[in-house]
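Notes for the one structure printed next.
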Amino acid sequence: MELLVTMLLCAVLAALVAGAVAGVARGAARQQQALNRERVGSTVSAWWRNALRDADASDVQLPSLTTLEVSLPVGAGAPCVVNADTVLIARAEWSGERDPEAGRDRLWLLGDAAAGSWQDVDLLVTGTGRCPDGTAALRLLLTVPPGTVALVRAVEPVQLRIYRSAGSAWVGEAPADGSSPVQPVAGPVDFLTSQFTRDSSGVHAFLQPAAGPGVWLHAPLGGP
């Protein structure tokens, strides 16, 4: 009898310990999931606020609920020379993250600053040159005669995507022309459903996790 009582007490104690350990594990898993959702939400929010910081409504398209097409800013500068098919921009006047690249970027040419009329053109070749005062310049060869140009902006068309891989949700970025696969920006996270929407105040992303409340992210639209 003493052995049976001891075995019974040990079994009860083991069950209590197992239950406590399982409860702690479930709580830690829920906390990790919440922290992961918060981390992904913060990363995505900072990432696409940067991506949309110079965009207006005409720069953003939503071909599907999980794909957002936008032109990322590369750089801008006022030209020192504009001729039949070439624009020269003084190096000191160029401001941006990098130089524009043919085949990757497009150019927006501002003809009338007062009217805010932008012309979207292809970039054929980039190179170096000299402004009339002898300063080093960035040479941009265009596909069409540019006409009057007050400002040149280089942009990179990309797609921001919410997609699933290996059973988890990810947020990533890919060239709009599909020349390379999507590159992950944030994830994995336990989002069951997610989608992009847009209204007059900007662009939104709704991320619905497997458990807990959904996450709404907002990026205002502004720029030229």
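Chain labels A, B, ... are given in the sequence in which chains occur in the structure tokens; within each chain residues are numbered consecutively from 1, and ligands are likewise numbered from 1 in the order shown.
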DSSP strand (DSSP E) residues within region 101-205 of chain A, listed as an NGL selection string: :A and (106-112 or 117-130 or 136-142 or 151-165 or 168-175 or 183-189 or 191-199 or 202-205)
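The protein and nucleic acid residues lying at most 8 Å from Ala76 (chain A) are Trp94, Ser95, Gly96, Leu151, Val152, Arg153 and Ala154 of chain A, with only C-alpha atoms considered and sequence neighbours fewer than 5 positions away removed.
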Next, dump the selected residues to file, keeping only all heavy atoms, as an mmCIF file, in the first residue's frame.
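Saved to selection.cif:
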```cif
data_model
loop_
_atom_site.group_PDB
_atom_site.id
_atom_site.type_symbol
_atom_site.label_atom_id
_atom_site.label_comp_id
_atom_site.auth_asym_id
_atom_site.auth_seq_id
_atom_site.Cartn_x
_atom_site.Cartn_y
_atom_site.Cartn_z
ATOM 1 N N TRP A 94 23.714 66.507 -57.720
ATOM 2 C CA TRP A 94 23.003 65.231 -57.615
ATOM 3 C C TRP A 94 22.891 64.798 -56.163
ATOM 4 O O TRP A 94 23.880 64.762 -55.430
ATOM 5 C CB TRP A 94 23.722 64.150 -58.422
ATOM 6 C CG TRP A 94 23.049 62.803 -58.326
ATOM 7 C CD1 TRP A 94 23.440 61.736 -57.562
ATOM 8 C CD2 TRP A 94 21.863 62.387 -58.999
ATOM 9 N NE1 TRP A 94 22.580 60.686 -57.724
ATOM 10 C CE2 TRP A 94 21.594 61.057 -58.602
ATOM 11 C CE3 TRP A 94 21.001 63.014 -59.903
ATOM 12 C CZ2 TRP A 94 20.494 60.350 -59.079
ATOM 13 C CZ3 TRP A 94 19.913 62.300 -60.378
ATOM 14 C CH2 TRP A 94 19.661 60.995 -59.974
ATOM 15 N N SER A 95 21.687 64.471 -55.743
ATOM 16 C CA SER A 95 21.450 64.041 -54.375
ATOM 17 C C SER A 95 20.648 62.745 -54.404
ATOM 18 O O SER A 95 19.564 62.700 -54.994
ATOM 19 C CB SER A 95 20.676 65.116 -53.603
ATOM 20 O OG SER A 95 20.335 64.671 -52.308
ATOM 21 N N GLY A 96 21.184 61.702 -53.797
ATOM 22 C CA GLY A 96 20.465 60.439 -53.779
ATOM 23 C C GLY A 96 21.271 59.335 -53.148
ATOM 24 O O GLY A 96 22.425 59.521 -52.732
ATOM 25 N N LEU A 151 14.150 69.681 -63.499
ATOM 26 C CA LEU A 151 14.616 68.744 -62.476
ATOM 27 C C LEU A 151 14.519 67.329 -63.028
ATOM 28 O O LEU A 151 13.592 67.002 -63.771
ATOM 29 C CB LEU A 151 13.764 68.862 -61.203
ATOM 30 C CG LEU A 151 14.161 67.969 -60.021
ATOM 31 C CD1 LEU A 151 15.515 68.378 -59.455
ATOM 32 C CD2 LEU A 151 13.093 68.015 -58.920
ATOM 33 N N VAL A 152 15.497 66.497 -62.661
ATOM 34 C CA VAL A 152 15.513 65.090 -63.062
ATOM 35 C C VAL A 152 15.437 64.231 -61.799
ATOM 36 O O VAL A 152 16.207 64.438 -60.854
ATOM 37 C CB VAL A 152 16.793 64.739 -63.838
ATOM 38 C CG1 VAL A 152 16.821 63.248 -64.174
ATOM 39 C CG2 VAL A 152 16.901 65.579 -65.095
ATOM 40 N N ARG A 153 14.498 63.282 -61.789
ATOM 41 C CA ARG A 153 14.401 62.321 -60.686
ATOM 42 C C ARG A 153 14.571 60.920 -61.244
ATOM 43 O O ARG A 153 13.974 60.571 -62.265
ATOM 44 C CB ARG A 153 13.047 62.409 -59.976
ATOM 45 C CG ARG A 153 12.784 63.699 -59.227
ATOM 46 C CD ARG A 153 11.461 63.634 -58.492
ATOM 47 N NE ARG A 153 11.489 62.629 -57.448
ATOM 48 C CZ ARG A 153 10.458 61.837 -57.146
ATOM 49 N NH1 ARG A 153 9.336 61.911 -57.844
ATOM 50 N NH2 ARG A 153 10.534 60.970 -56.171
ATOM 51 N N ALA A 154 15.393 60.123 -60.605
ATOM 52 C CA ALA A 154 15.557 58.717 -60.963
ATOM 53 C C ALA A 154 14.780 57.878 -59.962
ATOM 54 O O ALA A 154 14.862 58.098 -58.742
ATOM 55 C CB ALA A 154 17.035 58.329 -60.958
#
```
Which of region 25-186 of chain A fall in helix (DSSP H, G or I), as a ChimeraX atom specification: /A:25-51,57-59,91-93
Contacts of Gln183 (chain A) at 9 Å (only C-alpha atoms; same-chain gap of 4+ positions) as a PyMOL selection string: chain A and resi 171-174
Next, dump the selected residues to file, keeping only N, CA and C atoms, as a JSON list (two decimals), in the first residue's frame.
```
[["chain", "number", "residue", "atom", "x", "y", "z"],
["A", 171, "VAL", "N", 7.05, 39.33, -45.95],
["A", 171, "VAL", "CA", 6.90, 40.54, -46.73],
["A", 171, "VAL", "C", 8.22, 40.77, -47.45],
["A", 172, "GLY", "N", 8.15, 41.05, -48.76],
["A", 172, "GLY", "CA", 9.37, 41.17, -49.54],
["A", 172, "GLY", "C", 9.27, 42.18, -50.66],
["A", 173, "GLU", "N", 10.36, 42.32, -51.39],
["A", 173, "GLU", "CA", 10.47, 43.30, -52.46],
["A", 173, "GLU", "C", 11.08, 42.63, -53.69],
["A", 174, "ALA", "N", 10.59, 43.00, -54.87],
["A", 174, "ALA", "CA", 11.11, 42.44, -56.12],
["A", 174, "ALA", "C", 11.03, 43.49, -57.21]]
```
Distance criterion (only C-alpha atoms): nearest to Gly129 (chain A) out of A:Arg164, A:Arg39, A:Arg91, A:Arg198: A:Arg91
Counting only C-alpha atoms, what is within 8 Å of Thr86 (chain A), bar same-chain residues fewer than 4 positions away, as an mmCIF file with N, CA and C atoms, in the first residue's frame?
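Okay, selection_10.cif is ready:
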```
data_model
loop_
_atom_site.group_PDB
_atom_site.id
_atom_site.type_symbol
_atom_site.label_atom_id
_atom_site.label_comp_id
_atom_site.auth_asym_id
_atom_site.auth_seq_id
_atom_site.Cartn_x
_atom_site.Cartn_y
_atom_site.Cartn_z
ATOM 1 N N VAL A 81 23.039 70.871 -68.462
ATOM 2 C CA VAL A 81 22.956 70.815 -69.930
ATOM 3 C C VAL A 81 21.806 69.899 -70.313
ATOM 4 N N VAL A 82 21.004 70.343 -71.289
ATOM 5 C CA VAL A 82 19.940 69.512 -71.863
ATOM 6 C C VAL A 82 20.010 69.679 -73.369
ATOM 7 N N ARG A 139 26.202 61.943 -66.839
ATOM 8 C CA ARG A 139 25.580 61.994 -68.167
ATOM 9 C C ARG A 139 24.494 60.921 -68.262
ATOM 10 N N LEU A 140 23.304 61.346 -68.684
ATOM 11 C CA LEU A 140 22.160 60.447 -68.832
ATOM 12 C C LEU A 140 21.667 60.514 -70.275
ATOM 13 N N LEU A 141 21.709 59.371 -70.973
ATOM 14 C CA LEU A 141 21.226 59.284 -72.350
ATOM 15 C C LEU A 141 19.795 58.762 -72.326
ATOM 16 N N LEU A 142 18.876 59.513 -72.958
ATOM 17 C CA LEU A 142 17.455 59.211 -72.894
ATOM 18 C C LEU A 142 16.951 58.628 -74.199
ATOM 19 N N PRO A 145 13.648 62.993 -76.937
ATOM 20 C CA PRO A 145 14.129 64.354 -76.676
ATOM 21 C C PRO A 145 13.478 64.905 -75.421
ATOM 22 N N PRO A 146 14.249 65.365 -74.446
ATOM 23 C CA PRO A 146 13.669 65.775 -73.169
ATOM 24 C C PRO A 146 12.959 67.117 -73.188
#
```
